[in-house]
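Below is one structure; the comments refer to it alone.
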Amino acid sequence: AAGAAHASRRDRVAAPPRDCRAEPRERARLVARFSRRAAEPPAANMHTYWVRLNAVFFYGLNVLLGLSCCAWVSCFQQDLNFKWEGPRPVVDTVGVNELLSLRAHGGVDRALLSFDLRADLTPAFHWNLKQLFVFVLAEYDTPSNALNQVILWDRIVETEEAARLDEQNIYVKYALIDQTNELRNTSVNYYLVWDHMPVTGRLFMDREQGSVAILPKEYF
């Protein structure tokens, strides 16, 4: 009996714990499960026509954005005149030809006039420019306002041929109207302004002063 008890106690000590025996089997089961998952093909909905179309569309947008930036950068030096040695737009004449009237109208002063315009804006054109918005600007100061700006005439220029401006005695499209009645005996500066409208890139304006004229002291 003593020998049997001793053998039973020795067997209990020598036998490994149940958890230790089960651990290799559990590890093998987990490895097999994850191996099956890795071997499974991807879900079919990851490669539908809509997913492929979405990828192609946004890839095309990225390419278009990159090309647009390249187009803008390629003309950046010319637009900003940064160490640019090429020709620049030339404004020869922007001046009043005839002052037709200066009257008070509805509590404000209004002047009607004609002017002469001669300029060559063809150097402003390049392959990234869509069009120019050209206008004649009257600028002056009065006791009521430190800066007054009034557009008298404008034109959209879409080709280099149309960018050669040579006009005589043009009647203004928009009257020179002051906010108050302070146009009399006022010095007015006349500018030619052209607004660059590129295919891609930023909008910006250039201008050149043409002439200065003083309006009469009295209405007529």
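The way I read the labels, and the way they are meant: chains A, B, ... in the order of the structure tokens, residue 1 as the first residue of every chain, and ligand 1 as the first ligand shown, with later ones counted on from there.
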Problem - Backbone-only DSSP, strand (DSSP E) members of segment 53-161 of chain A, as a PyMOL selection string - result: chain A and resi 90-105+108-120+129-140+148-157
Exercise for the section: Tell me which protein, DNA and RNA residues are within 9 Å of Val212 of chain A, counting only C-alpha atoms, leaving out same-chain ones fewer than 2 positions away, and put them as a ChimeraX atom specification. Expected result: /A:95-96,187-190,209-210,214
Create the file for the chosen residues now, containing C-alpha atoms and written as a PDB file, in the first residue's frame.
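Wrote selection.pdb, looks like this:
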```pdb
ATOM      1  CA  GLY A  95      -5.797 111.655 -72.613  1.00  0.00           C
ATOM      2  CA  VAL A  96      -8.881 113.809 -72.872  1.00  0.00           C
ATOM      3  CA  SER A 187      -7.155 117.517 -61.096  1.00  0.00           C
ATOM      4  CA  VAL A 188      -7.920 114.118 -62.628  1.00  0.00           C
ATOM      5  CA  ASN A 189      -5.346 111.436 -63.476  1.00  0.00           C
ATOM      6  CA  TYR A 190      -6.214 109.115 -66.368  1.00  0.00           C
ATOM      7  CA  GLN A 209      -0.628 106.643 -66.229  1.00  0.00           C
ATOM      8  CA  GLY A 210      -1.590 108.442 -69.398  1.00  0.00           C
ATOM      9  CA  ILE A 214      -7.878 119.836 -64.517  1.00  0.00           C
TER      10      ILE A 214
END
```
Practice task
Apply DSSP to the structure's backbone, then extract all residues of segment 26-210 of chain A labelled alpha helix (DSSP H) and return them as a PyMOL selection string.
Solution key: chain A and resi 26-39+49-74+76-80
Fill in the blank from the handout: atom CA of Val172 of chain A to atom CA of Thr122 of chain A measures 23.5 Å
Which residues are near Thr180 of chain A? Cut-off 9 Å, only C-alpha atoms, ignore same chain within fewer than 6 positions. Put them as an mmCIF file with N, CA and C atoms, in the first residue's frame.
```cif
data_model
loop_
_atom_site.group_PDB
_atom_site.id
_atom_site.type_symbol
_atom_site.label_atom_id
_atom_site.label_comp_id
_atom_site.auth_asym_id
_atom_site.auth_seq_id
_atom_site.Cartn_x
_atom_site.Cartn_y
_atom_site.Cartn_z
ATOM 1 N N GLY A 107 -27.897 116.250 -57.609
ATOM 2 C CA GLY A 107 -27.097 116.490 -56.405
ATOM 3 C C GLY A 107 -25.659 116.049 -56.511
ATOM 4 N N VAL A 108 -25.245 115.522 -57.672
ATOM 5 C CA VAL A 108 -23.851 115.120 -57.870
ATOM 6 C C VAL A 108 -23.336 115.754 -59.155
ATOM 7 N N ASP A 109 -22.014 115.833 -59.267
ATOM 8 C CA ASP A 109 -21.392 116.367 -60.479
ATOM 9 C C ASP A 109 -21.176 115.242 -61.492
ATOM 10 N N SER A 144 -13.980 115.444 -49.700
ATOM 11 C CA SER A 144 -14.837 114.422 -49.072
ATOM 12 C C SER A 144 -14.201 113.035 -49.093
#
```
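Shortest separation to Asn185 of chain A among A:Asp116, A:Asp92, A:Glu208, A:Glu218 occurs at residue A:Glu218, atoms counted being only C-alpha atoms.
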Exercise for the section: Name all residues at most 6 Å from Pro123 of chain A (count only C-alpha atoms; drop same-chain ones fewer than 5 positions away) and give them as a ChimeraX atom specification. Expected result: /A:87-89
Problem - Ala124 of chain A surroundings by only C-alpha atoms, 10 Å radius, close-in-sequence under 4 positions cut, as a ChimeraX atom specification - result: /A:78-79,87-90,120,129,131-132,160,163,194,196,206
Handout entry: Atomic separation - atom CA of Phe220 of chain A relative to atom CA of Leu147 of chain A, Å
Key =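 Computed distance, atom CA of Leu147 of chain A to atom CA of Phe220 of chain A, equals 24.9 Å.
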Practice task
Considering only C-alpha atoms, return as a ChimeraX atom specification whatever protein or nucleic-acid residues lie within 12 Å of Val136 of chain A, sequence-local ones (same chain, fewer than 5 positions apart) excluded.
Solution key: /A:91,93-96,114-119,149-155,170-176,189-195,206-211
Exercise for the section: Rank nothing, just name the residue among A:Asn145, A:Gln168, A:Leu137, A:Asn128 nearest to Met197 of chain A, using only C-alpha atoms. Expected result: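 Among the listed residues, the smallest separation from Met197 of chain A belongs to A:Asn128.
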Problem - atom CA of Lys130 of chain A to atom CA of Pro198 of chain A, distance in Å rounded to a single decimal - result: 5.0 Å
Problem - Pick from A:Ala28, A:Arg52, A:Asn169, A:Glu158 nearest to Leu99 of chain A, counting only C-alpha atoms - result: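 Smallest distance to Leu99 of chain A is found for A:Asn169.
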